[in-house]
file entry03.pdb (PDB, C-alpha atoms and all ligand atoms)
ATOM      1  CA  MET A 293     -26.669 -30.697 -22.126
ATOM      2  CA  SER A 294     -23.346 -29.634 -20.680
ATOM      3  CA  SER A 295     -21.157 -32.422 -19.230
ATOM      4  CA  THR A 296     -19.267 -30.133 -16.768
ATOM      5  CA  SER A 297     -20.247 -30.867 -13.178
ATOM      6  CA  PRO A 298     -21.074 -27.934 -10.884
ATOM      7  CA  PRO A 299     -18.211 -26.753  -8.615
ATOM      8  CA  ILE A 300     -18.117 -28.405  -5.208
ATOM      9  CA  PRO A 301     -18.974 -25.827  -2.542
ATOM     10  CA  PRO A 302     -16.227 -25.246   0.034
ATOM     11  CA  LEU A 303     -16.247 -27.263   3.235
ATOM     12  CA  GLU A 304     -17.092 -25.327   6.383
ATOM     13  CA  LEU A 305     -14.023 -23.928   8.148
ATOM     14  CA  SER A 306     -14.138 -25.090  11.777
ATOM     15  CA  ALA A 307     -13.387 -22.654  14.599
ATOM     16  CA  LEU A 308     -10.019 -24.328  15.171
ATOM     17  CA  GLU A 309      -9.078 -24.267  11.470
ATOM     18  CA  TYR A 310     -10.082 -20.617  11.273
ATOM     19  CA  GLU A 311      -7.923 -19.788  14.301
ATOM     20  CA  LEU A 312      -4.888 -21.576  12.880
ATOM     21  CA  TRP A 313      -5.169 -19.934   9.474
ATOM     22  CA  GLN A 314      -5.953 -16.494  10.879
ATOM     23  CA  ALA A 315      -2.912 -16.635  13.174
ATOM     24  CA  LEU A 316      -0.618 -17.684  10.321
ATOM     25  CA  ILE A 317      -1.956 -15.058   7.920
ATOM     26  CA  GLN A 318      -1.842 -12.306  10.503
ATOM     27  CA  GLN A 319       1.715 -13.151  11.439
ATOM     28  CA  ARG A 320       2.892 -13.229   7.806
ATOM     29  CA  CYS A 321       1.038 -10.281   6.279
ATOM     30  CA  GLY A 322      -1.273  -8.662   8.838
ATOM     31  CA  LEU A 323      -4.573  -9.407   7.084
ATOM     32  CA  PHE A 324      -7.513 -10.033   9.390
ATOM     33  CA  PHE A 325     -10.541 -11.948   8.170
ATOM     34  CA  SER A 326     -13.543 -10.784  10.129
ATOM     35  CA  GLU A 327     -16.944 -12.452   9.799
ATOM     36  CA  SER A 328     -17.779 -10.371   6.730
ATOM     37  CA  ARG A 329     -14.614 -11.433   4.853
ATOM     38  CA  LEU A 330     -14.596 -15.071   5.940
ATOM     39  CA  ARG A 331     -16.036 -16.202   2.611
ATOM     40  CA  LEU A 332     -13.004 -14.931   0.722
ATOM     41  CA  LEU A 333     -10.652 -16.780   3.071
ATOM     42  CA  ARG A 334     -12.585 -20.047   2.824
ATOM     43  CA  GLN A 335     -12.994 -19.819  -0.943
ATOM     44  CA  SER A 336      -9.282 -19.111  -1.474
ATOM     45  CA  LEU A 337      -8.140 -21.967   0.780
ATOM     46  CA  TRP A 338     -10.633 -24.309  -0.842
ATOM     47  CA  GLU A 339      -9.520 -23.424  -4.348
ATOM     48  CA  ARG A 340      -5.890 -24.183  -3.511
ATOM     49  CA  LEU A 341      -6.423 -27.341  -1.480
ATOM     50  CA  ARG A 342      -8.628 -28.832  -4.212
ATOM     51  CA  LEU A 343      -5.933 -28.109  -6.761
ATOM     52  CA  HIS A 344      -3.482 -30.089  -4.630
ATOM     53  CA  HIS A 345      -6.031 -32.922  -4.233
ATOM     54  CA  MET A 346      -6.140 -32.438  -0.475
ATOM     55  CA  ARG A 347      -9.103 -33.188   1.702
ATOM     56  CA  SER A 348      -9.014 -30.697   4.540
ATOM     57  CA  TYR A 349      -7.949 -27.185   5.513
ATOM     58  CA  GLY A 350      -5.657 -28.792   8.110
ATOM     59  CA  GLU A 351      -3.840 -30.877   5.498
ATOM     60  CA  TYR A 352      -3.324 -27.784   3.355
ATOM     61  CA  TYR A 353      -2.149 -25.812   6.422
ATOM     62  CA  ASN A 354       0.560 -28.418   7.089
ATOM     63  CA  TYR A 355       1.592 -28.291   3.435
ATOM     64  CA  VAL A 356       2.022 -24.502   3.478
ATOM     65  CA  LEU A 357       3.896 -24.625   6.751
ATOM     66  CA  PHE A 358       6.102 -27.716   6.433
ATOM     67  CA  HIS A 359       6.349 -28.905   2.830
ATOM     68  CA  PRO A 360       9.430 -27.811   0.804
ATOM     69  CA  GLY A 361       6.992 -26.270  -1.703
ATOM     70  CA  GLY A 362       5.135 -24.447   1.084
ATOM     71  CA  ASP A 363       6.766 -21.056   0.581
ATOM     72  CA  ARG A 364       5.905 -21.057  -3.090
ATOM     73  CA  GLU A 365       2.354 -22.103  -2.291
ATOM     74  CA  TRP A 366       2.034 -19.336   0.304
ATOM     75  CA  LYS A 367       2.854 -16.742  -2.357
ATOM     76  CA  VAL A 368       0.095 -18.073  -4.600
ATOM     77  CA  LEU A 369      -2.409 -18.163  -1.746
ATOM     78  CA  LEU A 370      -1.457 -14.637  -0.670
ATOM     79  CA  GLU A 371      -2.306 -13.253  -4.104
ATOM     80  CA  LEU A 372      -5.811 -14.720  -3.744
ATOM     81  CA  LEU A 373      -6.289 -13.108  -0.338
ATOM     82  CA  LEU A 374      -5.181  -9.577  -1.255
ATOM     83  CA  ASN A 375      -7.408  -6.837  -2.576
ATOM     84  CA  HIS A 376      -5.715  -4.508  -5.067
ATOM     85  CA  GLU A 377      -8.581  -2.126  -5.665
ATOM     86  CA  THR A 378      -7.202   1.345  -6.330
ATOM     87  CA  SER A 379      -7.423   4.364  -8.599
ATOM     88  CA  PHE A 380      -5.561   7.536  -9.468
ATOM     89  CA  PHE A 381      -6.159  10.354  -6.951
ATOM     90  CA  ARG A 382      -8.411   7.994  -5.007
ATOM     91  CA  HIS A 383      -9.039   9.925  -1.795
ATOM     92  CA  GLN A 384      -9.339  13.463  -3.057
ATOM     93  CA  PRO A 385      -9.296  15.243   0.342
ATOM     94  CA  SER A 386      -5.825  13.757   0.960
ATOM     95  CA  TYR A 387      -4.478  15.122  -2.339
ATOM     96  CA  HIS A 388      -6.116  18.457  -1.602
ATOM     97  CA  ALA A 389      -4.377  18.514   1.791
ATOM     98  CA  LEU A 390      -1.108  17.538   0.108
ATOM     99  CA  VAL A 391      -1.293  20.459  -2.307
ATOM    100  CA  THR A 392      -2.682  23.126  -0.007
ATOM    101  CA  HIS A 393      -0.999  22.261   3.289
ATOM    102  CA  VAL A 394       1.655  19.534   3.248
ATOM    103  CA  LEU A 395       3.780  20.566   0.255
ATOM    104  CA  PRO A 396       3.791  24.295   1.107
ATOM    105  CA  ALA A 397       4.819  23.462   4.694
ATOM    106  CA  LEU A 398       7.622  21.141   3.570
ATOM    107  CA  LEU A 399       8.920  23.383   0.803
ATOM    108  CA  GLY A 400       8.852  26.394   3.098
ATOM    109  CA  GLU A 401      11.176  24.805   5.656
ATOM    110  CA  PRO A 402      14.451  26.680   5.954
ATOM    111  CA  LYS A 403      17.573  24.774   4.847
ATOM    112  CA  ARG A 404      15.689  21.656   3.808
ATOM    113  CA  ALA A 405      17.107  19.073   1.377
ATOM    114  CA  ARG A 406      16.313  19.815  -2.267
ATOM    115  CA  THR A 407      14.848  16.343  -2.789
ATOM    116  CA  LEU A 408      11.461  15.484  -1.401
ATOM    117  CA  CYS A 409      10.938  11.813  -0.564
ATOM    118  CA  MET A 410       7.441  10.373  -0.771
ATOM    119  CA  TRP A 411       6.278   6.826  -0.107
ATOM    120  CA  SER A 412       3.086   5.118  -1.194
ATOM    121  CA  ALA A 413       2.968   2.177   1.242
ATOM    122  CA  GLY A 414       0.615  -0.487  -0.122
ATOM    123  CA  CYS A 415       0.551   1.044  -3.599
ATOM    124  CA  ALA A 416      -1.185  -1.914  -5.305
ATOM    125  CA  THR A 417      -0.850  -1.475  -9.084
ATOM    126  CA  GLY A 418       0.908   1.873  -8.849
ATOM    127  CA  GLN A 419      -1.809   4.491  -9.337
ATOM    128  CA  GLU A 420      -1.229   6.088  -5.917
ATOM    129  CA  ALA A 421       2.541   6.383  -6.401
ATOM    130  CA  TYR A 422       2.106   7.927  -9.866
ATOM    131  CA  SER A 423      -0.555  10.293  -8.483
ATOM    132  CA  LEU A 424       1.963  11.528  -5.908
ATOM    133  CA  ALA A 425       4.580  12.096  -8.622
ATOM    134  CA  MET A 426       2.101  13.973 -10.834
ATOM    135  CA  THR A 427       0.951  16.105  -7.907
ATOM    136  CA  PHE A 428       4.544  17.075  -7.280
ATOM    137  CA  LEU A 429       5.183  17.881 -10.955
ATOM    138  CA  GLU A 430       2.159  20.148 -10.964
ATOM    139  CA  SER A 431       3.330  21.966  -7.849
ATOM    140  CA  GLN A 432       6.793  22.253  -9.372
ATOM    141  CA  ARG A 433       5.325  24.509 -12.045
ATOM    142  CA  THR A 434       4.331  27.024  -9.386
ATOM    143  CA  GLN A 435       5.899  26.651  -5.951
ATOM    144  CA  ALA A 436       8.540  23.895  -6.090
ATOM    145  CA  GLN A 437      10.807  25.024  -8.933
ATOM    146  CA  ASP A 438      14.037  24.322  -7.063
ATOM    147  CA  PHE A 439      13.038  20.887  -5.808
ATOM    148  CA  HIS A 440      13.151  17.293  -7.018
ATOM    149  CA  VAL A 441      11.078  14.370  -5.890
ATOM    150  CA  LYS A 442      11.576  10.651  -5.528
ATOM    151  CA  VAL A 443       8.547   8.445  -4.920
ATOM    152  CA  LEU A 444       8.776   4.951  -3.491
ATOM    153  CA  GLY A 445       5.806   2.677  -4.244
ATOM    154  CA  SER A 446       5.736  -0.528  -2.227
ATOM    155  CA  ASP A 447       3.496  -3.541  -1.873
ATOM    156  CA  ILE A 448       3.554  -7.122  -0.629
ATOM    157  CA  SER A 449       2.119  -8.394  -3.925
ATOM    158  CA  GLN A 450       4.648  -9.197  -6.633
ATOM    159  CA  GLN A 451       1.835  -9.359  -9.202
ATOM    160  CA  ALA A 452       0.644  -5.860  -8.340
ATOM    161  CA  LEU A 453       4.212  -4.535  -8.381
ATOM    162  CA  ALA A 454       4.826  -6.004 -11.843
ATOM    163  CA  LYS A 455       1.817  -4.113 -13.171
ATOM    164  CA  ALA A 456       2.864  -0.945 -11.351
ATOM    165  CA  ARG A 457       6.320  -1.073 -12.945
ATOM    166  CA  CYS A 458       4.749  -1.603 -16.347
ATOM    167  CA  GLY A 459       2.762   1.645 -15.901
ATOM    168  CA  GLN A 460       0.098   0.804 -18.500
ATOM    169  CA  TYR A 461      -3.585   1.106 -17.706
ATOM    170  CA  LYS A 462      -6.897   0.439 -19.406
ATOM    171  CA  ARG A 463      -9.348   3.270 -19.922
ATOM    172  CA  HIS A 464     -11.573   2.257 -16.981
ATOM    173  CA  GLU A 465      -8.521   2.316 -14.684
ATOM    174  CA  LEU A 466      -8.190   6.040 -15.405
ATOM    175  CA  ARG A 467     -11.754   6.731 -14.315
ATOM    176  CA  GLN A 468     -10.931   9.206 -11.560
ATOM    177  CA  LEU A 469      -8.159  10.918 -13.476
ATOM    178  CA  PRO A 470      -8.993  14.443 -14.671
ATOM    179  CA  ASP A 471      -8.602  14.870 -18.470
ATOM    180  CA  TYR A 472      -5.853  17.373 -17.884
ATOM    181  CA  TYR A 473      -3.606  14.737 -16.240
ATOM    182  CA  ARG A 474      -4.370  12.170 -18.920
ATOM    183  CA  GLN A 475      -3.321  14.601 -21.650
ATOM    184  CA  GLN A 476      -0.299  15.852 -19.764
ATOM    185  CA  TYR A 477       1.182  12.662 -18.339
ATOM    186  CA  PHE A 478      -0.020   9.686 -20.440
ATOM    187  CA  THR A 479       0.568   8.366 -23.953
ATOM    188  CA  VAL A 480      -2.094   6.367 -25.757
ATOM    189  CA  MET A 481      -0.892   3.014 -27.051
ATOM    190  CA  TYR A 482      -2.443  -0.203 -28.306
ATOM    191  CA  ASP A 483      -2.100  -3.656 -26.842
ATOM    192  CA  GLU A 484      -3.457  -5.693 -29.746
ATOM    193  CA  SER A 485      -6.867  -4.058 -30.131
ATOM    194  CA  THR A 486      -7.086  -2.662 -26.583
ATOM    195  CA  VAL A 487      -6.446   1.027 -25.999
ATOM    196  CA  MET A 488      -3.946   1.466 -23.178
ATOM    197  CA  TYR A 489      -2.639   4.544 -21.444
ATOM    198  CA  GLU A 490       1.025   4.530 -20.557
ATOM    199  CA  VAL A 491       2.463   6.772 -17.861
ATOM    200  CA  ASN A 492       5.009   9.084 -19.484
ATOM    201  CA  ALA A 493       8.730   8.570 -18.928
ATOM    202  CA  ARG A 494       9.204  11.782 -16.970
ATOM    203  CA  VAL A 495       6.715  10.568 -14.333
ATOM    204  CA  ARG A 496       8.094   7.030 -14.299
ATOM    205  CA  ALA A 497      11.603   8.336 -13.788
ATOM    206  CA  LEU A 498      10.503   9.721 -10.425
ATOM    207  CA  VAL A 499       8.983   6.502  -9.129
ATOM    208  CA  GLU A 500      10.619   3.313  -7.905
ATOM    209  CA  PHE A 501       8.660   0.195  -6.908
ATOM    210  CA  ARG A 502       9.770  -2.262  -4.254
ATOM    211  CA  TYR A 503       8.556  -5.261  -2.315
ATOM    212  CA  ILE A 504       7.915  -4.244   1.283
ATOM    213  CA  ASN A 505       5.822  -6.212   3.766
ATOM    214  CA  LEU A 506       4.448  -3.717   6.263
ATOM    215  CA  CYS A 507       4.414  -6.471   8.896
ATOM    216  CA  ASP A 508       8.066  -7.305   8.406
ATOM    217  CA  PRO A 509      10.361  -4.470   9.464
ATOM    218  CA  THR A 510      13.353  -6.219   7.867
ATOM    219  CA  THR A 511      11.875  -5.381   4.433
ATOM    220  CA  PHE A 512      11.415  -1.688   5.314
ATOM    221  CA  PRO A 513      13.354   1.036   3.536
ATOM    222  CA  LEU A 514      15.685   1.898   6.350
ATOM    223  CA  PRO A 515      18.319   4.422   5.246
ATOM    224  CA  PRO A 516      20.433   4.336   3.204
ATOM    225  CA  LEU A 517      17.874   3.772   0.483
ATOM    226  CA  PRO A 518      19.524   3.564  -2.940
ATOM    227  CA  GLY A 519      17.814   5.719  -5.520
ATOM    228  CA  LEU A 520      16.162   8.020  -3.004
ATOM    229  CA  HIS A 521      18.775  10.757  -3.122
ATOM    230  CA  GLY A 522      18.840  13.033  -0.155
ATOM    231  CA  LEU A 523      17.104  10.611   2.175
ATOM    232  CA  VAL A 524      18.980  10.853   5.416
ATOM    233  CA  GLY A 525      16.469  11.106   8.185
ATOM    234  CA  GLY A 526      13.466   9.476   6.516
ATOM    235  CA  MET A 527      10.468  10.245   4.351
ATOM    236  CA  ASP A 528       8.815  13.636   3.903
ATOM    237  CA  VAL A 529       5.424  12.204   2.981
ATOM    238  CA  ILE A 530       3.958   8.739   3.468
ATOM    239  CA  PHE A 531       0.591   7.746   2.002
ATOM    240  CA  CYS A 532      -0.840   4.561   3.481
ATOM    241  CA  GLN A 533      -4.444   4.347   2.369
ATOM    242  CA  ASN A 534      -6.983   1.523   2.211
ATOM    243  CA  VAL A 535      -4.371  -0.925   3.465
ATOM    244  CA  LEU A 536      -4.752  -1.046   7.240
ATOM    245  CA  ILE A 537      -8.546  -1.353   7.075
ATOM    246  CA  TYR A 538      -7.942  -5.056   6.379
ATOM    247  CA  PHE A 539      -5.728  -5.475   9.465
ATOM    248  CA  SER A 540      -6.529  -6.095  13.119
ATOM    249  CA  ARG A 541      -6.560  -3.084  15.416
ATOM    250  CA  GLU A 542      -3.278  -4.102  17.094
ATOM    251  CA  SER A 543      -1.497  -4.531  13.744
ATOM    252  CA  ARG A 544      -2.772  -1.135  12.560
ATOM    253  CA  VAL A 545      -1.325   0.665  15.552
ATOM    254  CA  GLU A 546       1.975  -1.198  15.258
ATOM    255  CA  ILE A 547       2.323  -0.365  11.563
ATOM    256  CA  VAL A 548       1.412   3.308  11.947
ATOM    257  CA  GLN A 549       4.057   3.490  14.663
ATOM    258  CA  ARG A 550       6.592   1.913  12.311
ATOM    259  CA  LEU A 551       5.622   4.251   9.470
ATOM    260  CA  CYS A 552       5.993   7.301  11.725
ATOM    261  CA  GLN A 553       9.447   6.053  12.668
ATOM    262  CA  HIS A 554      10.302   6.315   8.951
ATOM    263  CA  LEU A 555       9.177   9.931   8.711
ATOM    264  CA  ARG A 556      11.825  12.549   9.174
ATOM    265  CA  VAL A 557      10.969  15.191  11.746
ATOM    266  CA  GLY A 558       8.501  17.530  10.028
ATOM    267  CA  GLY A 559       7.250  14.762   7.701
ATOM    268  CA  TYR A 560       3.593  13.803   7.205
ATOM    269  CA  LEU A 561       1.704  10.508   7.223
ATOM    270  CA  LEU A 562      -1.581  10.603   5.278
ATOM    271  CA  LEU A 563      -3.785   7.646   6.116
ATOM    272  CA  GLY A 564      -7.117   6.702   4.596
ATOM    273  CA  PRO A 565     -10.031   8.247   6.529
ATOM    274  CA  ALA A 566     -11.002   5.041   8.365
ATOM    275  CA  GLU A 567      -7.527   3.639   8.893
ATOM    276  CA  VAL A 568      -6.493   4.471  12.498
ATOM    277  CA  VAL A 569      -8.370   7.376  14.040
ATOM    278  CA  GLY A 570      -7.344   9.004  17.327
ATOM    279  CA  LEU A 571      -3.819   7.640  17.548
ATOM    280  CA  GLN A 572      -1.559   9.090  20.202
ATOM    281  CA  LEU A 573       2.172   8.632  19.779
ATOM    282  CA  PRO A 574       5.011  10.541  21.409
ATOM    283  CA  GLY A 575       6.484  13.103  19.018
ATOM    284  CA  VAL A 576       3.583  12.731  16.569
ATOM    285  CA  GLN A 577       0.791  15.277  16.181
ATOM    286  CA  SER A 578      -2.498  14.808  14.403
ATOM    287  CA  VAL A 579      -3.307  17.473  11.830
ATOM    288  CA  ARG A 580      -6.970  18.152  11.219
ATOM    289  CA  LEU A 581      -7.770  19.068   7.634
ATOM    290  CA  ALA A 582     -11.289  18.492   6.345
ATOM    291  CA  ASP A 583     -11.688  14.760   5.588
ATOM    292  CA  ALA A 584      -7.986  13.900   5.514
ATOM    293  CA  LEU A 585      -6.454  11.831   8.321
ATOM    294  CA  ILE A 586      -2.952  13.203   8.817
ATOM    295  CA  TYR A 587      -0.193  12.722  11.371
ATOM    296  CA  ARG A 588       2.974  14.793  11.507
ATOM    297  CA  ARG A 589       6.194  13.796  13.174
ATOM    298  CA  VAL A 590       7.256  16.786  15.239
ATOM    299  CA  ALA A 591      10.059  15.372  17.392
ATOM    300  CA  PRO A 592      12.790  12.772  16.892
ATOM    301  CA  THR A 593      11.365  10.520  19.621
ATOM    302  CA  ASP A 594      12.370   6.896  19.063
ATOM    303  CA  LEU A 595       9.111   5.102  18.405
ATOM    304  CA  THR A 596      10.529   1.600  18.264
ATOM    305  CA  GLY A 597       8.875  -0.380  21.016
ATOM    306  CA  THR A 598       6.616   2.521  21.991
ATOM    307  CA  VAL A 599       3.304   1.485  23.482
ATOM    308  CA  SER A 600       0.855   3.678  21.627
ATOM    309  CA  SER A 601      -2.698   4.373  22.558
ATOM    310  CA  LEU A 602      -5.936   5.188  20.861
ATOM    311  CA  ALA A 603      -7.780   8.160  22.285
TER     312      ALA A 603
HETATM  313  C1  LIG A 701      -6.914  -1.887  -1.491
HETATM  314  S1  LIG A 701      -5.248  -1.705  -1.999
HETATM  315  C2  LIG A 701      -4.984   0.037  -1.716
HETATM  316  C3  LIG A 701      -4.101   0.665  -2.754
HETATM  317  C4  LIG A 701      -3.868   2.160  -2.594
HETATM  318  N1  LIG A 701      -3.131   2.457  -1.396
HETATM  319  C5  LIG A 701      -5.180   2.917  -2.608
HETATM  320  O1  LIG A 701      -5.588   3.459  -1.588
HETATM  321  O2  LIG A 701      -5.821   2.958  -3.666
HETATM  322  C6  LIG A 701      -4.373  -2.447  -0.598
HETATM  323  C7  LIG A 701      -2.967  -2.880  -0.958
HETATM  324  O3  LIG A 701      -2.265  -3.195   0.253
HETATM  325  C8  LIG A 701      -1.408  -4.286  -0.008
HETATM  326  N2  LIG A 701      -1.050  -4.960   1.251
HETATM  327  C9  LIG A 701      -1.804  -5.765   2.021
HETATM  328  N3  LIG A 701      -1.091  -6.242   3.059
HETATM  329  C10 LIG A 701       0.151  -5.714   2.943
HETATM  330  C11 LIG A 701       1.343  -5.820   3.704
HETATM  331  N4  LIG A 701       1.413  -6.595   4.807
HETATM  332  N5  LIG A 701       2.425  -5.153   3.293
HETATM  333  C12 LIG A 701       2.390  -4.387   2.184
HETATM  334  N6  LIG A 701       1.293  -4.238   1.414
HETATM  335  C13 LIG A 701       0.176  -4.890   1.792
HETATM  336  C14 LIG A 701      -2.228  -5.166  -0.940
HETATM  337  O4  LIG A 701      -1.422  -6.059  -1.686
HETATM  338  C15 LIG A 701      -2.931  -4.126  -1.811
HETATM  339  O5  LIG A 701      -2.246  -3.916  -3.001
END
call {"tool": "encode", "arguments": {"input": "entry03.pdb", "output": "structure tokens"}}
result
Amino acid sequence: MSSTSPPIPPLELSALEYELWQALIQQRCGLFFSESRLRLLRQSLWERLRLHHMRSYGEYYNYVLFHPGGDREWKVLLELLLNHETSFFRHQPSYHALVTHVLPALLGEPKRARTLCMWSAGCATGQEAYSLAMTFLESQRTQAQDFHVKVLGSDISQQALAKARCGQYKRHELRQLPDYYRQQYFTVMYDESTVMYEVNARVRALVEFRYINLCDPTTFPLPPLPGLHGLVGGMDVIFCQNVLIYFSRESRVEIVQRLCQHLRVGGYLLLGPAEVVGLQLPGVQSVRLADALIYRRVAPTDLTGTVSSLA
């Protein structure tokens, strides 16, 4: 018979405790825990408070907020609350739109800068940022010969960013990647007995990873952005996919507004299909292309403090 006792199930989270935690989390990182995701919140809080030998969610709340070790604890808790699910070329209609519409439009602009700046906002473990770089390299073979690209991958999770910078993936993490890209842009290597695929140096050279909290404008890549040569008026392309679906409606609108402010005039924001539909912002047009949800900045309207609306 095993001597290990079964894990103690989490205590119920009272309405007041839920409100306190939700407000703190939303203010610090934007995540919203609806009814369907409440279990994850409760389980994560429970795991941490038990580890600290605390007895209630309130006691743990005070620790995170007021104890000298609270900031460090918050970072650990945050990692438990985040979802890093991702894959290469995840939302195919967006990449199709990028290749057939967005890149040709940008590259065809008269007198444009020779460097294209792309941003994967909420890049998790890096697959989206590398997919953008590979898409550009492929288009460079045909239409973008005279251009360079710089891709910024950003996330709030330091753990995810560390993996992104490492650029090594297991076979199952390449599941959506066409064989052609694997052969062209990856090198097989071995980590002990595990087969790993490493993103090739010429792709990695185009991508830079940074900590950016989408809810904290002070961490945003306001120009000048070292490393992103040619970035004067903002980004040409921003991908923000499967990030805002975990946020409240108000936070989503606020962040999209902020992201649009970081597009240069003529630049495109490609959201995930369910992220923020029907947004109306001054100087921003929605572009309808099959299943892709795209906004284009068409005028230099200052969007800071704009009250946006949902149609
Ligand atoms: C589900 S993954 C999506 C990854 C990728 N964009 C994709 O579509 O495959 C969501 C990512 O958003 C990040 N995230 C959540 N809140 C964030 C915030 N406030 N600022 C920046 N990144 C955030 C998470 O850490 C996570 O890596």
call {"tool": "atom_distance", "arguments": {"input": "entry03.pdb", "atom1": "CA of Glu365 in chain A", "atom2": "CA of Ala456 in chain A"}}
result
23.0 Å
call {"tool": "resolve_selection", "arguments": {"input": "entry03.pdb", "expression": "the PyMOL selection byres (((chain A and resi 453) around 9) and not hetatm)", "output": "PyMOL selection string"}}
result
chain A and resi 415-418+445-452+454-458+501-503
call {"tool": "residues_near_point", "arguments": {"input": "entry03.pdb", "point": "(10.9, 17.4, -1.3)", "cutoff": "9 Å", "atoms": "all atoms listed in the file", "output": "list of chain:residue names"}}
result
A:Leu395, A:Leu398, A:Leu399, A:Arg404, A:Ala405, A:Arg406, A:Thr407, A:Leu408, A:Cys409, A:Met410, A:Phe428, A:Ala436, A:Phe439, A:His440, A:Val441, A:Lys442, A:Asp528, A:Val529
call {"tool": "write_last_selection", "arguments": {"input": "entry03.pdb", "atoms": "C-alpha atoms", "output": "compact mmCIF listing (two decimals), in the frame of the given file"}}
result
# COMPACT_ATOMS: atom_id res chain seq x y z
CA LEU A 395 3.78 20.57 0.26
CA LEU A 398 7.62 21.14 3.57
CA LEU A 399 8.92 23.38 0.80
CA ARG A 404 15.69 21.66 3.81
CA ALA A 405 17.11 19.07 1.38
CA ARG A 406 16.31 19.82 -2.27
CA THR A 407 14.85 16.34 -2.79
CA LEU A 408 11.46 15.48 -1.40
CA CYS A 409 10.94 11.81 -0.56
CA MET A 410 7.44 10.37 -0.77
CA PHE A 428 4.54 17.08 -7.28
CA ALA A 436 8.54 23.90 -6.09
CA PHE A 439 13.04 20.89 -5.81
CA HIS A 440 13.15 17.29 -7.02
CA VAL A 441 11.08 14.37 -5.89
CA LYS A 442 11.58 10.65 -5.53
CA ASP A 528 8.82 13.64 3.90
CA VAL A 529 5.42 12.20 2.98
call {"tool": "residues_near_ligand", "arguments": {"input": "entry03.pdb", "ligand": "ligand LIG 701 (chain A)", "cutoff": "7 Å", "atoms": "all atoms listed in the file", "output": "MDAnalysis selection string"}}
result
chainID A and resid 321:323 374:379 382 412:417 420 446:449 452 504:507 532:535
call {"tool": "atom_distance", "arguments": {"input": "entry03.pdb", "atom1": "CA of Phe324 in chain A", "atom2": "CA of Gly559 in chain A"}}
result
28.9 Å
call {"tool": "atom_distance", "arguments": {"input": "entry03.pdb", "atom1": "CA of Leu571 in chain A", "atom2": "CA of Ala397 in chain A"}}
result
22.1 Å
call {"tool": "closest_residue", "arguments": {"input": "entry03.pdb", "among": "A:Leu573, A:Val443, A:Leu330, A:Ala421", "to": "Val590 in chain A", "atoms": "all atoms listed in the file"}}
result
A:Leu573
call {"tool": "residues_around", "arguments": {"input": "entry03.pdb", "residues": "range 356-360 of chain A", "least_positions_apart": "2", "cutoff": "12 Å", "atoms": "only C-alpha atoms", "output": "PDB file with C-alpha atoms, in the coordinates of the input"}}
result
ATOM      1  CA  LEU A 312      -4.888 -21.576  12.880  1.00  0.00           C
ATOM      2  CA  TRP A 313      -5.169 -19.934   9.474  1.00  0.00           C
ATOM      3  CA  LEU A 316      -0.618 -17.684  10.321  1.00  0.00           C
ATOM      4  CA  ILE A 317      -1.956 -15.058   7.920  1.00  0.00           C
ATOM      5  CA  ARG A 320       2.892 -13.229   7.806  1.00  0.00           C
ATOM      6  CA  LEU A 337      -8.140 -21.967   0.780  1.00  0.00           C
ATOM      7  CA  ARG A 340      -5.890 -24.183  -3.511  1.00  0.00           C
ATOM      8  CA  LEU A 341      -6.423 -27.341  -1.480  1.00  0.00           C
ATOM      9  CA  HIS A 344      -3.482 -30.089  -4.630  1.00  0.00           C
ATOM     10  CA  TYR A 349      -7.949 -27.185   5.513  1.00  0.00           C
ATOM     11  CA  GLY A 350      -5.657 -28.792   8.110  1.00  0.00           C
ATOM     12  CA  GLU A 351      -3.840 -30.877   5.498  1.00  0.00           C
ATOM     13  CA  TYR A 352      -3.324 -27.784   3.355  1.00  0.00           C
ATOM     14  CA  TYR A 353      -2.149 -25.812   6.422  1.00  0.00           C
ATOM     15  CA  ASN A 354       0.560 -28.418   7.089  1.00  0.00           C
ATOM     16  CA  GLY A 362       5.135 -24.447   1.084  1.00  0.00           C
ATOM     17  CA  ASP A 363       6.766 -21.056   0.581  1.00  0.00           C
ATOM     18  CA  ARG A 364       5.905 -21.057  -3.090  1.00  0.00           C
ATOM     19  CA  GLU A 365       2.354 -22.103  -2.291  1.00  0.00           C
ATOM     20  CA  TRP A 366       2.034 -19.336   0.304  1.00  0.00           C
ATOM     21  CA  LYS A 367       2.854 -16.742  -2.357  1.00  0.00           C
ATOM     22  CA  VAL A 368       0.095 -18.073  -4.600  1.00  0.00           C
ATOM     23  CA  LEU A 369      -2.409 -18.163  -1.746  1.00  0.00           C
ATOM     24  CA  LEU A 370      -1.457 -14.637  -0.670  1.00  0.00           C
TER      25      LEU A 370
END
call {"tool": "closest_residue", "arguments": {"input": "entry03.pdb", "among": "A:Gly575, A:Gly459, A:Pro513, A:Gly558", "to": "Ala591 in chain A", "atoms": "all atoms listed in the file"}}
result
A:Gly575
call {"tool": "closest_residue", "arguments": {"input": "entry03.pdb", "among": "A:Pro509, A:Pro396, A:Gly564, A:Gly570", "to": "Glu546 in chain A", "atoms": "only C-alpha atoms"}}
result
A:Pro509
call {"tool": "closest_residue", "arguments": {"input": "entry03.pdb", "among": "A:Pro385, A:Gly526, A:Pro402, A:Pro574", "to": "Tyr560 in chain A", "atoms": "only C-alpha atoms"}}
result
A:Gly526
call {"tool": "residues_around", "arguments": {"input": "entry03.pdb", "residues": "range 387-391 of chain A", "least_positions_apart": "4", "cutoff": "8 Å", "atoms": "all atoms listed in the file", "output": "ChimeraX atom specification"}}
result
/A:381,383,395-396,427,431,581,584
